[in-house]
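Q: See protein_15.txt below, with compact mmCIF, C-alpha atoms.
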```txt
# COMPACT_ATOMS: atom_id res chain seq x y z
CA MET A 1 232.50 309.06 166.49
CA THR A 2 235.88 308.62 164.80
CA ILE A 3 238.86 306.68 166.13
CA LEU A 4 240.66 310.00 166.73
CA LEU A 5 237.82 311.34 168.90
CA PHE A 6 237.53 308.01 170.73
CA THR A 7 241.27 308.10 171.46
CA LEU A 8 241.16 311.69 172.74
CA LEU A 9 238.10 311.08 174.95
CA VAL A 10 239.34 307.78 176.38
CA GLY A 11 242.79 309.35 176.89
CA SER A 12 241.30 312.28 178.84
CA VAL A 13 239.16 310.03 181.03
CA SER A 14 242.21 307.84 181.65
CA ILE A 15 244.27 310.85 182.81
CA VAL A 16 241.56 311.65 185.38
CA ALA A 17 241.29 307.97 186.39
CA GLY A 18 245.08 307.69 186.80
CA LEU A 19 245.16 310.93 188.81
CA LEU A 20 242.37 309.86 191.16
CA GLY A 21 243.76 306.33 191.36
CA ALA A 22 247.16 307.60 192.48
CA LEU A 23 245.69 310.10 194.96
CA THR A 24 243.35 307.60 196.59
CA GLY A 25 245.52 304.49 196.34
CA LEU A 26 242.78 302.54 194.57
CA GLY A 27 244.57 302.47 191.22
CA GLY A 28 243.21 303.72 187.92
CA GLY A 29 242.10 300.36 186.51
CA VAL A 30 239.08 300.00 188.75
CA VAL A 31 237.27 302.94 187.12
CA ILE A 32 238.59 302.49 183.59
CA VAL A 33 236.85 299.16 182.97
CA PRO A 34 233.32 300.30 183.91
CA VAL A 35 233.77 303.68 182.17
CA LEU A 36 234.95 302.04 178.93
CA MET A 37 231.99 299.67 179.05
CA LEU A 38 229.21 301.96 180.26
CA ALA A 39 230.19 305.25 178.59
CA PHE A 40 231.99 304.09 175.45
CA GLY A 41 230.28 300.74 174.85
CA VAL A 42 233.59 298.87 174.67
CA ASP A 43 233.36 295.08 175.01
CA ILE A 44 234.34 293.95 178.53
CA ARG A 45 237.18 291.79 177.17
CA TYR A 46 238.87 294.73 175.43
CA ALA A 47 238.23 296.85 178.54
CA ILE A 48 239.89 294.43 180.98
CA GLY A 49 242.77 293.86 178.53
CA ALA A 50 243.46 297.62 178.36
CA SER A 51 243.07 298.02 182.11
CA LEU A 52 245.50 295.19 182.83
CA VAL A 53 248.34 296.73 180.83
CA SER A 54 247.71 300.14 182.43
CA VAL A 55 247.99 298.43 185.82
CA ILE A 56 251.48 297.19 184.90
CA ALA A 57 252.46 300.73 183.89
CA THR A 58 251.31 302.43 187.10
CA SER A 59 252.63 299.68 189.36
CA SER A 60 256.09 299.71 187.79
CA GLY A 61 256.22 303.51 187.76
CA ALA A 62 255.24 303.82 191.42
CA ALA A 63 257.30 300.83 192.55
CA ALA A 64 260.41 302.42 191.05
CA ALA A 65 260.03 305.28 193.54
CA PHE A 66 259.01 303.18 196.55
CA VAL A 67 261.73 300.55 196.13
CA LYS A 68 264.36 303.28 196.36
CA GLU A 69 262.86 304.64 199.57
CA GLY A 70 263.42 301.25 201.20
CA TYR A 71 259.85 300.55 202.27
CA SER A 72 259.00 297.58 200.06
CA ASN A 73 260.18 294.17 201.20
CA ILE A 74 261.40 292.31 198.13
CA ARG A 75 261.55 288.93 199.89
CA ILE A 76 257.95 289.12 201.09
CA GLY A 77 256.94 290.28 197.60
CA MET A 78 258.75 287.40 195.89
CA VAL A 79 257.33 284.68 198.16
CA LEU A 80 253.78 286.00 197.79
CA GLU A 81 254.21 286.41 194.03
CA ILE A 82 254.25 282.61 193.79
CA ALA A 83 250.63 282.73 194.96
CA THR A 84 249.58 285.82 192.96
CA THR A 85 251.06 284.70 189.63
CA LEU A 86 249.56 281.20 189.87
CA GLY A 87 246.23 282.78 190.87
CA ALA A 88 246.49 285.23 187.97
CA LEU A 89 247.08 282.44 185.44
CA GLY A 90 244.01 280.63 186.79
CA GLY A 91 241.91 283.81 186.81
CA ALA A 92 242.87 284.69 183.23
CA ALA A 93 242.04 281.16 182.07
CA LEU A 94 238.68 281.43 183.87
CA ALA A 95 238.01 284.81 182.20
CA THR A 96 238.17 283.20 178.77
CA HIS A 97 235.52 280.63 179.75
CA LEU A 98 233.01 282.57 181.87
CA PRO A 99 230.11 284.41 180.21
CA THR A 100 230.84 288.17 180.09
CA ARG A 101 227.70 288.98 182.16
CA VAL A 102 229.06 286.90 185.03
CA ILE A 103 232.40 288.73 184.81
CA ALA A 104 230.55 292.07 184.88
CA VAL A 105 228.64 291.11 188.05
CA VAL A 106 231.80 289.79 189.78
CA PHE A 107 233.58 293.00 188.75
CA GLY A 108 230.82 295.13 190.30
CA VAL A 109 230.93 293.19 193.58
CA VAL A 110 234.75 293.39 193.78
CA LEU A 111 234.57 297.15 193.07
CA LEU A 112 232.15 297.63 195.98
CA VAL A 113 234.32 295.61 198.35
CA SER A 114 237.55 297.38 197.29
CA ALA A 115 235.97 300.81 197.70
CA TRP A 116 234.77 299.85 201.17
CA LEU A 117 238.13 298.38 202.16
CA SER A 118 240.06 301.45 201.10
CA VAL A 119 237.70 304.03 202.62
CA ARG A 120 237.44 302.23 205.95
CA ARG A 121 240.39 302.84 208.26
CA HIS A 122 241.60 299.63 209.87
CA PRO A 123 243.43 299.70 213.13
CA HIS A 124 246.70 297.92 212.58
CA PRO A 125 246.56 294.63 214.48
CA THR A 126 248.85 294.65 217.45
CA GLY A 127 249.37 291.91 219.96
CA SER A 128 251.63 289.21 221.13
CA ARG A 129 250.77 286.52 218.61
CA ALA A 130 253.87 284.47 218.01
CA ALA A 131 255.95 285.15 214.92
CA ASP A 132 255.60 282.52 212.20
CA PRO A 133 258.57 280.09 212.10
CA LEU A 134 258.09 279.98 208.33
CA ALA A 135 258.77 283.74 208.26
CA GLY A 136 262.04 283.09 210.04
CA TRP A 137 262.99 280.28 207.67
CA LEU A 138 262.21 282.53 204.69
CA ASN A 139 264.05 285.46 206.26
CA LEU A 140 261.00 287.73 205.86
CA ASP A 141 261.40 289.83 209.00
CA SER A 142 262.98 293.17 208.21
CA THR A 143 263.11 296.87 209.05
CA TYR A 144 261.62 299.99 207.51
CA PRO A 145 262.71 303.64 207.69
CA THR A 146 261.00 305.97 210.17
CA PRO A 147 261.94 309.52 211.23
CA ASP A 148 263.52 307.94 214.36
CA GLY A 149 265.65 305.51 212.35
CA PRO A 150 264.92 302.00 211.08
CA ARG A 151 262.22 300.07 212.93
CA SER A 152 262.07 296.27 212.81
CA TYR A 153 258.97 294.15 212.24
CA ARG A 154 258.09 290.46 212.28
CA VAL A 155 255.83 288.63 209.86
CA ARG A 156 253.15 286.17 210.97
CA SER A 157 250.48 283.92 209.40
CA VAL A 158 252.48 283.36 206.20
CA GLY A 159 250.18 280.48 205.12
CA ALA A 160 246.93 282.46 205.48
CA GLY A 161 248.46 285.49 203.76
CA PHE A 162 249.69 283.26 200.93
CA GLY A 163 246.17 281.85 200.41
CA LEU A 164 244.60 285.31 200.32
CA MET A 165 247.25 286.37 197.79
CA GLY A 166 246.20 283.49 195.53
CA LEU A 167 242.68 284.92 195.61
CA ALA A 168 244.01 288.44 194.89
CA GLY A 169 245.90 287.05 191.89
CA ALA A 170 242.83 285.21 190.58
CA LEU A 171 240.71 288.39 190.80
CA SER A 172 243.45 290.33 189.04
CA GLY A 173 243.59 287.79 186.20
CA LEU A 174 239.80 287.54 185.93
CA LEU A 175 239.03 291.27 185.99
CA GLY A 176 242.19 292.98 184.70
CA ILE A 177 242.69 294.97 187.91
CA GLY A 178 245.60 295.23 190.36
CA SER A 179 243.67 293.90 193.40
CA GLY A 180 245.75 296.22 195.57
CA ALA A 181 243.04 296.38 198.24
CA VAL A 182 243.06 292.59 198.78
CA LYS A 183 246.87 292.47 198.73
CA VAL A 184 247.15 295.19 201.36
CA LEU A 185 244.46 293.45 203.44
CA ALA A 186 246.46 290.21 203.36
CA MET A 187 249.74 291.83 204.36
CA ASP A 188 248.59 294.52 206.78
CA GLN A 189 245.71 292.74 208.52
CA VAL A 190 246.58 289.03 208.25
CA MET A 191 250.38 288.99 208.21
CA GLY A 192 250.84 291.96 210.56
CA ILE A 193 253.21 293.81 208.21
CA PRO A 194 253.40 297.61 208.81
CA PHE A 195 250.91 299.53 206.65
CA LYS A 196 253.49 301.53 204.69
CA VAL A 197 255.47 298.35 203.93
CA SER A 198 252.23 296.58 202.93
CA THR A 199 251.08 299.26 200.48
CA THR A 200 254.46 299.69 198.80
CA THR A 201 255.15 295.94 198.59
CA SER A 202 251.63 295.46 197.20
CA ASN A 203 252.36 298.04 194.53
CA PHE A 204 255.62 296.28 193.72
CA MET A 205 253.78 292.95 193.35
CA ILE A 206 250.89 294.25 191.23
CA GLY A 207 253.02 294.58 188.09
CA VAL A 208 254.35 291.02 188.32
CA THR A 209 250.86 289.65 189.02
CA ALA A 210 249.41 291.53 186.06
CA ALA A 211 252.24 290.40 183.77
CA ALA A 212 251.28 286.78 184.53
CA SER A 213 247.78 287.24 183.11
CA ALA A 214 248.83 289.69 180.38
CA GLY A 215 250.42 286.85 178.40
CA VAL A 216 247.13 284.94 178.43
CA TYR A 217 245.14 288.07 177.51
CA LEU A 218 247.50 288.88 174.64
CA SER A 219 247.34 285.41 173.12
CA ARG A 220 243.52 285.39 173.41
CA GLY A 221 243.29 288.70 171.56
CA TYR A 222 241.98 290.77 174.52
CA ILE A 223 244.64 293.47 174.17
CA ASP A 224 243.50 295.79 171.37
CA PRO A 225 246.04 298.49 170.47
CA GLY A 226 243.27 301.02 169.69
CA VAL A 227 241.73 300.68 173.19
CA ALA A 228 244.87 299.98 175.22
CA MET A 229 246.96 302.82 173.76
CA PRO A 230 244.93 305.81 175.08
CA VAL A 231 244.26 304.00 178.38
CA VAL A 232 247.94 303.19 179.08
CA LEU A 233 249.26 306.63 178.08
CA GLY A 234 246.44 308.45 179.90
CA VAL A 235 246.62 306.46 183.13
CA LEU A 236 250.41 306.72 183.15
CA ALA A 237 250.30 310.51 182.69
CA GLY A 238 247.56 310.91 185.30
CA SER A 239 249.23 308.75 187.93
CA THR A 240 252.59 310.50 187.41
CA ILE A 241 250.93 313.88 188.01
CA GLY A 242 248.97 312.39 190.93
CA ALA A 243 252.10 311.10 192.66
CA ARG A 244 253.61 314.62 192.53
CA LEU A 245 250.45 316.27 193.90
CA LEU A 246 249.96 313.68 196.62
CA THR A 247 251.19 315.83 199.48
CA SER A 248 249.40 319.06 198.56
CA LEU A 249 245.80 317.92 198.07
CA PRO A 250 243.01 317.12 200.54
CA THR A 251 243.03 313.37 199.95
CA ARG A 252 240.23 312.68 202.45
CA TRP A 253 237.63 314.43 200.29
CA LEU A 254 239.05 312.90 197.14
CA ARG A 255 238.79 309.42 198.65
CA LEU A 256 235.18 310.06 199.52
CA LEU A 257 234.41 311.43 196.05
CA PHE A 258 236.21 308.51 194.39
CA GLY A 259 234.36 306.09 196.70
CA ILE A 260 230.99 307.51 195.58
CA VAL A 261 231.93 307.34 191.88
CA VAL A 262 233.21 303.78 192.23
CA THR A 263 230.08 302.69 194.11
CA ALA A 264 227.79 304.16 191.44
CA LEU A 265 229.79 302.45 188.66
CA ALA A 266 229.75 299.16 190.57
CA ILE A 267 225.96 299.20 190.99
CA GLU A 268 225.48 299.98 187.29
CA MET A 269 227.84 297.12 186.32
CA ILE A 270 225.93 294.64 188.49
CA HIS A 271 222.58 295.95 187.21
CA GLN A 272 223.52 295.69 183.54
CA GLY A 273 225.30 292.38 184.08
CA ILE A 274 222.16 290.84 185.59
CA ARG A 275 219.93 292.30 182.87
CA GLY A 276 222.40 291.14 180.24
CA THR A 277 222.47 294.49 178.46
CA LEU A 278 226.22 294.87 178.27
CA MET B 279 284.45 287.04 194.65
CA THR B 280 283.59 287.69 198.28
CA ALA B 281 284.01 291.42 197.70
CA ARG B 282 281.64 291.23 194.77
CA THR B 283 279.07 289.24 196.70
CA SER B 284 279.05 291.56 199.67
CA SER B 285 278.81 294.62 197.43
CA TRP B 286 275.26 293.51 196.53
CA THR B 287 273.65 295.11 199.54
CA ASP B 288 269.87 295.33 199.71
CA GLU B 289 270.06 299.09 199.08
CA ARG B 290 272.09 298.69 195.89
CA PHE B 291 269.83 295.85 194.73
CA GLU B 292 266.76 298.00 195.27
CA GLY B 293 268.31 300.94 193.46
CA VAL B 294 269.03 298.84 190.35
CA LEU B 295 265.51 297.32 190.44
CA GLY B 296 263.99 300.80 190.66
CA ASN B 297 265.93 301.88 187.56
CA VAL B 298 264.91 298.80 185.56
CA LEU B 299 261.24 299.52 186.31
CA ARG B 300 261.51 303.22 185.52
CA TRP B 301 263.37 302.78 182.22
CA GLY B 302 261.11 299.94 181.12
CA VAL B 303 257.99 302.05 181.60
CA MET B 304 259.52 305.07 179.87
CA ALA B 305 260.74 303.05 176.88
CA SER B 306 257.35 301.39 176.42
CA ALA B 307 255.49 304.71 176.69
CA VAL B 308 257.68 306.19 173.93
CA VAL B 309 257.10 303.18 171.63
CA VAL B 310 253.32 303.16 172.30
CA ALA B 311 253.14 306.92 171.60
CA ALA B 312 255.09 306.52 168.32
CA GLY B 313 252.75 303.71 167.26
CA ALA B 314 249.76 305.87 168.23
CA VAL B 315 250.86 308.69 165.91
CA ILE B 316 251.18 306.35 162.91
CA PHE B 317 247.91 304.57 163.73
CA LEU B 318 245.94 307.81 164.18
CA LEU B 319 247.37 309.41 161.00
CA ARG B 320 246.27 306.40 158.97
CA HIS B 321 243.05 305.35 160.71
CA GLY B 322 242.03 308.35 162.86
CA SER B 323 239.02 309.21 160.71
CA GLU B 324 237.57 305.70 160.66
CA ALA B 325 234.76 304.60 162.96
CA PRO B 326 235.77 302.57 166.04
CA ALA B 327 234.22 299.11 166.45
CA TYR B 328 235.25 298.17 169.96
CA HIS B 329 231.72 297.29 171.10
CA VAL B 330 231.97 293.92 169.36
CA PHE B 331 234.62 291.50 170.51
CA ARG B 332 236.37 289.89 167.59
CA GLY B 333 239.70 289.13 169.21
CA GLU B 334 242.87 290.51 167.72
CA PRO B 335 244.08 289.10 164.39
CA SER B 336 246.81 286.53 164.96
CA ASP B 337 249.54 288.96 163.90
CA LEU B 338 248.74 291.21 166.87
CA ARG B 339 248.54 288.58 169.58
CA THR B 340 251.78 286.64 169.33
CA VAL B 341 255.33 287.83 169.86
CA SER B 342 256.40 286.74 166.36
CA GLY B 343 253.28 288.27 164.76
CA ILE B 344 253.90 291.60 166.47
CA ALA B 345 257.56 291.56 165.35
CA ALA B 346 256.45 291.05 161.74
CA ALA B 347 253.86 293.85 162.02
CA VAL B 348 256.53 296.24 163.35
CA ARG B 349 258.88 295.38 160.47
CA SER B 350 256.18 296.27 157.97
CA GLY B 351 255.79 299.67 159.69
CA ARG B 352 252.26 299.25 161.08
CA GLY B 353 251.21 301.64 163.84
CA ARG B 354 249.19 299.00 165.66
CA GLY B 355 252.16 296.64 165.56
CA LEU B 356 254.30 299.34 167.17
CA VAL B 357 251.67 299.93 169.90
CA GLN B 358 251.62 296.20 170.63
CA LEU B 359 255.44 296.18 170.76
CA GLY B 360 255.30 298.96 173.34
CA LEU B 361 252.75 296.98 175.37
CA LEU B 362 255.00 293.91 175.13
CA LEU B 363 257.88 296.01 176.50
CA LEU B 364 255.59 297.04 179.34
CA ILE B 365 254.71 293.40 180.11
CA ALA B 366 258.42 292.52 179.90
CA THR B 367 259.36 295.17 182.50
CA PRO B 368 258.20 293.27 185.63
CA VAL B 369 259.42 290.01 184.03
CA SER B 370 262.94 291.46 183.65
CA ARG B 371 262.72 292.70 187.23
CA VAL B 372 262.11 289.11 188.39
CA ALA B 373 264.89 287.79 186.12
CA LEU B 374 267.31 290.33 187.58
CA SER B 375 266.29 289.26 191.10
CA VAL B 376 267.30 285.67 190.24
CA VAL B 377 270.79 286.92 189.37
CA VAL B 378 271.07 289.07 192.48
CA PHE B 379 269.94 286.28 194.83
CA ALA B 380 272.46 283.99 193.11
CA LEU B 381 275.24 286.57 193.69
CA LYS B 382 274.20 286.72 197.33
CA ALA B 383 274.37 282.89 197.39
CA ASP B 384 270.79 282.79 198.71
CA ARG B 385 269.79 279.42 197.23
CA ARG B 386 266.32 279.42 198.78
CA TYR B 387 265.42 282.70 197.09
CA VAL B 388 267.03 281.72 193.81
CA LEU B 389 264.54 278.82 193.68
CA ILE B 390 261.55 280.95 194.73
CA THR B 391 262.39 283.64 192.17
CA LEU B 392 263.04 281.08 189.41
CA PHE B 393 259.60 279.60 190.07
CA VAL B 394 257.92 283.01 189.69
CA LEU B 395 259.95 283.64 186.52
CA GLY B 396 258.85 280.25 185.18
CA VAL B 397 255.16 281.09 185.69
CA LEU B 398 255.62 284.43 183.90
CA LEU B 399 257.47 282.89 180.96
CA TYR B 400 254.88 280.14 180.70
CA SER B 401 252.16 282.79 180.49
CA LEU B 402 253.97 284.69 177.73
CA PHE B 403 255.29 281.75 175.73
CA GLY B 404 252.84 279.01 176.74
CA PRO B 405 250.96 279.31 173.44
CA TYR B 406 254.13 278.22 171.62
CA LEU B 407 254.77 275.16 173.76
```
What's the structure tokens form of this structure?
A:
Amino acid sequence: MTILLFTLLVGSVSIVAGLLGALTGLGGGVVIVPVLMLAFGVDIRYAIGASLVSVIATSSGAAAAFVKEGYSNIRIGMVLEIATTLGALGGAALATHLPTRVIAVVFGVVLLVSAWLSVRRHPHPTGSRAADPLAGWLNLDSTYPTPDGPRSYRVRSVGAGFGLMGLAGALSGLLGIGSGAVKVLAMDQVMGIPFKVSTTTSNFMIGVTAAASAGVYLSRGYIDPGVAMPVVLGVLAGSTIGARLLTSLPTRWLRLLFGIVVTALAIEMIHQGIRGTL
Amino acid sequence: MTARTSSWTDERFEGVLGNVLRWGVMASAVVVAAGAVIFLLRHGSEAPAYHVFRGEPSDLRTVSGIAAAVRSGRGRGLVQLGLLLLIATPVSRVALSVVVFALKADRRYVLITLFVLGVLLYSLFGPYL
């Protein structure tokens, strides 16, 4: 194989990954890392470095659209970014010390959990639990647009959500992924933020979280231009097309298909990680 | 001054942030693609060796090294510059938020946003400190 062929193949796979990632909401990075490793034999450190920068590209591209629609809550995002960026710095530092087989196994497990979280439909928690005074102090409560005009919401359990965000950041820094599934879980399920606000704010935060570990990855030599270039351009092209198609495709079947692919990749990652054949 | 402060509504703030993100991504994609063309013309027929981790040479993993590589016209240097622009996009978004919260005289959020900015700058420039 030549570098040209490698670039074209990785670029094509990345377009598909970006497309599926945008359509299912899982993000393209989660499939890129295992595919680079298992199909192209790329070292896991180059793979997570390339994935991380592609995560910044898709997050910023999508956030640009969502921010304008008025769904994302910039205050919530900024407060929680304290936790995600500190977590990401810690995760990236950990990545440079852990054996790669351990990272591969952790990656596989996180893939399985994310796939399960995003396929499963959670009922949005409702109830009369008191609003968090911290949310009031931080001015987090806000409104979001609905067809019947703006609807207001209150934020609760800021501390617990903050802690979970630290974990999301650490996983992002360790594995080069966006950890969108954990971020949405923290906001939607723990903090009681409306689902649409949670997903768009999560997307908004992913780029900042990833940027915090990207500096560490860059200085450790994990970001190889030959690997990152086709991944970034491919994922960006795929997710841009995906965002346009979003309304016209049967996303339920795609989510199921993507879930199966991700599960298979996750099992293979864990298997090879344990055997040490990566 | 009051007129200026009140003109920074959340909607306007969000519109500007959206543009910063969109232009940052587009600019970096163009630079990465330009670097890719040079890199592939020069090295496209070589064999890839990404299965062994060597770590990037020092001139492709620091801001000053990348700047020097770009000046000498290297494709890989240009790709790294594009990736740096991409990393800088969310950082500039946070920096802009500091300014906007300051204009809104929201001291609490100026501090929160400055902290996040500090973590990001430490990550990017920590190796030099």
Q: Kindly provide, as a PyMOL selection string, the residues of chain A having any atom no farther than 8 Å from an atom of chain B, counting all atoms listed in the file.
A: chain A and resi 1-6+41-43+45-46+53+56-57+60-61+63-65+67-68+70+75+78-79+81-82+85-86+89+138+207-208+211-216+218-227+229+233
Q: Write the residues of the selection above to a file with C-alpha atoms, as an mmCIF file, in the coordinates of the input.
A:
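For reference, selection.cif as written:
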```cif
data_model
loop_
_atom_site.group_PDB
_atom_site.id
_atom_site.type_symbol
_atom_site.label_atom_id
_atom_site.label_comp_id
_atom_site.auth_asym_id
_atom_site.auth_seq_id
_atom_site.Cartn_x
_atom_site.Cartn_y
_atom_site.Cartn_z
ATOM 1 C CA MET A 1 232.500 309.060 166.490
ATOM 2 C CA THR A 2 235.880 308.620 164.800
ATOM 3 C CA ILE A 3 238.860 306.680 166.130
ATOM 4 C CA LEU A 4 240.660 310.000 166.730
ATOM 5 C CA LEU A 5 237.820 311.340 168.900
ATOM 6 C CA PHE A 6 237.530 308.010 170.730
ATOM 7 C CA GLY A 41 230.280 300.740 174.850
ATOM 8 C CA VAL A 42 233.590 298.870 174.670
ATOM 9 C CA ASP A 43 233.360 295.080 175.010
ATOM 10 C CA ARG A 45 237.180 291.790 177.170
ATOM 11 C CA TYR A 46 238.870 294.730 175.430
ATOM 12 C CA VAL A 53 248.340 296.730 180.830
ATOM 13 C CA ILE A 56 251.480 297.190 184.900
ATOM 14 C CA ALA A 57 252.460 300.730 183.890
ATOM 15 C CA SER A 60 256.090 299.710 187.790
ATOM 16 C CA GLY A 61 256.220 303.510 187.760
ATOM 17 C CA ALA A 63 257.300 300.830 192.550
ATOM 18 C CA ALA A 64 260.410 302.420 191.050
ATOM 19 C CA ALA A 65 260.030 305.280 193.540
ATOM 20 C CA VAL A 67 261.730 300.550 196.130
ATOM 21 C CA LYS A 68 264.360 303.280 196.360
ATOM 22 C CA GLY A 70 263.420 301.250 201.200
ATOM 23 C CA ARG A 75 261.550 288.930 199.890
ATOM 24 C CA MET A 78 258.750 287.400 195.890
ATOM 25 C CA VAL A 79 257.330 284.680 198.160
ATOM 26 C CA GLU A 81 254.210 286.410 194.030
ATOM 27 C CA ILE A 82 254.250 282.610 193.790
ATOM 28 C CA THR A 85 251.060 284.700 189.630
ATOM 29 C CA LEU A 86 249.560 281.200 189.870
ATOM 30 C CA LEU A 89 247.080 282.440 185.440
ATOM 31 C CA LEU A 138 262.210 282.530 204.690
ATOM 32 C CA GLY A 207 253.020 294.580 188.090
ATOM 33 C CA VAL A 208 254.350 291.020 188.320
ATOM 34 C CA ALA A 211 252.240 290.400 183.770
ATOM 35 C CA ALA A 212 251.280 286.780 184.530
ATOM 36 C CA SER A 213 247.780 287.240 183.110
ATOM 37 C CA ALA A 214 248.830 289.690 180.380
ATOM 38 C CA GLY A 215 250.420 286.850 178.400
ATOM 39 C CA VAL A 216 247.130 284.940 178.430
ATOM 40 C CA LEU A 218 247.500 288.880 174.640
ATOM 41 C CA SER A 219 247.340 285.410 173.120
ATOM 42 C CA ARG A 220 243.520 285.390 173.410
ATOM 43 C CA GLY A 221 243.290 288.700 171.560
ATOM 44 C CA TYR A 222 241.980 290.770 174.520
ATOM 45 C CA ILE A 223 244.640 293.470 174.170
ATOM 46 C CA ASP A 224 243.500 295.790 171.370
ATOM 47 C CA PRO A 225 246.040 298.490 170.470
ATOM 48 C CA GLY A 226 243.270 301.020 169.690
ATOM 49 C CA VAL A 227 241.730 300.680 173.190
ATOM 50 C CA MET A 229 246.960 302.820 173.760
ATOM 51 C CA LEU A 233 249.260 306.630 178.080
#
```
Q: For the atom pair CA of Gly259 (chain A) and CA of Gly90 (chain A), what is the interatomic distance in Å to one decimal place?
A: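 Atom-to-atom, CA of Gly259 (chain A) to CA of Gly90 (chain A), that is 29.0 Å.
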Q: Taking all atoms of region 192-206 of chain A that the file lists, what box with edges along x, y and z, padded by 6 Å per side, do you get, with centre and edge lengths in Å to one decimal, as lines of an AutoDock Vina configuration file?
A:
```
center_x = 253.2
center_y = 296.7
center_z = 200.9
size_x = 16.8
size_y = 21.6
size_z = 31.3
```
Q: Might you pull out every residue within 8 Å of Ser202 (chain A), with only C-alpha atoms counted and same-chain residues fewer than 5 positions away left off, and present them as an mmCIF file with C-alpha atoms, keeping the file's coordinate frame?
A:
```cif
data_model
loop_
_atom_site.group_PDB
_atom_site.id
_atom_site.type_symbol
_atom_site.label_atom_id
_atom_site.label_comp_id
_atom_site.auth_asym_id
_atom_site.auth_seq_id
_atom_site.Cartn_x
_atom_site.Cartn_y
_atom_site.Cartn_z
ATOM 1 C CA GLY A 77 256.940 290.280 197.600
ATOM 2 C CA GLY A 180 245.750 296.220 195.570
ATOM 3 C CA LYS A 183 246.870 292.470 198.730
ATOM 4 C CA VAL A 184 247.150 295.190 201.360
#
```
Q: Which polymer residues have any atom within 12 Å of an atom of Arg156 (chain A), counting all atoms listed in the file, with same-chain residues fewer than 3 positions away left out, as a ChimeraX atom specification?
A: /A:76,125-141,153,159-162,186-194
Q: Counting all atoms listed in the file, figure out which residue out of A:Ser14, A:Phe107, A:Tyr71, A:Gly173 gets nearest to Arg151 (chain A).
A: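 Of the candidates, the smallest distance to Arg151 (chain A) is held by A:Tyr71.
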Q: So how many Å separate CA of Gly169 (chain A) and CA of Ser51 (chain A), to one decimal?
A: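 Result for CA of Gly169 (chain A) versus CA of Ser51 (chain A): 15.0 Å, one decimal.
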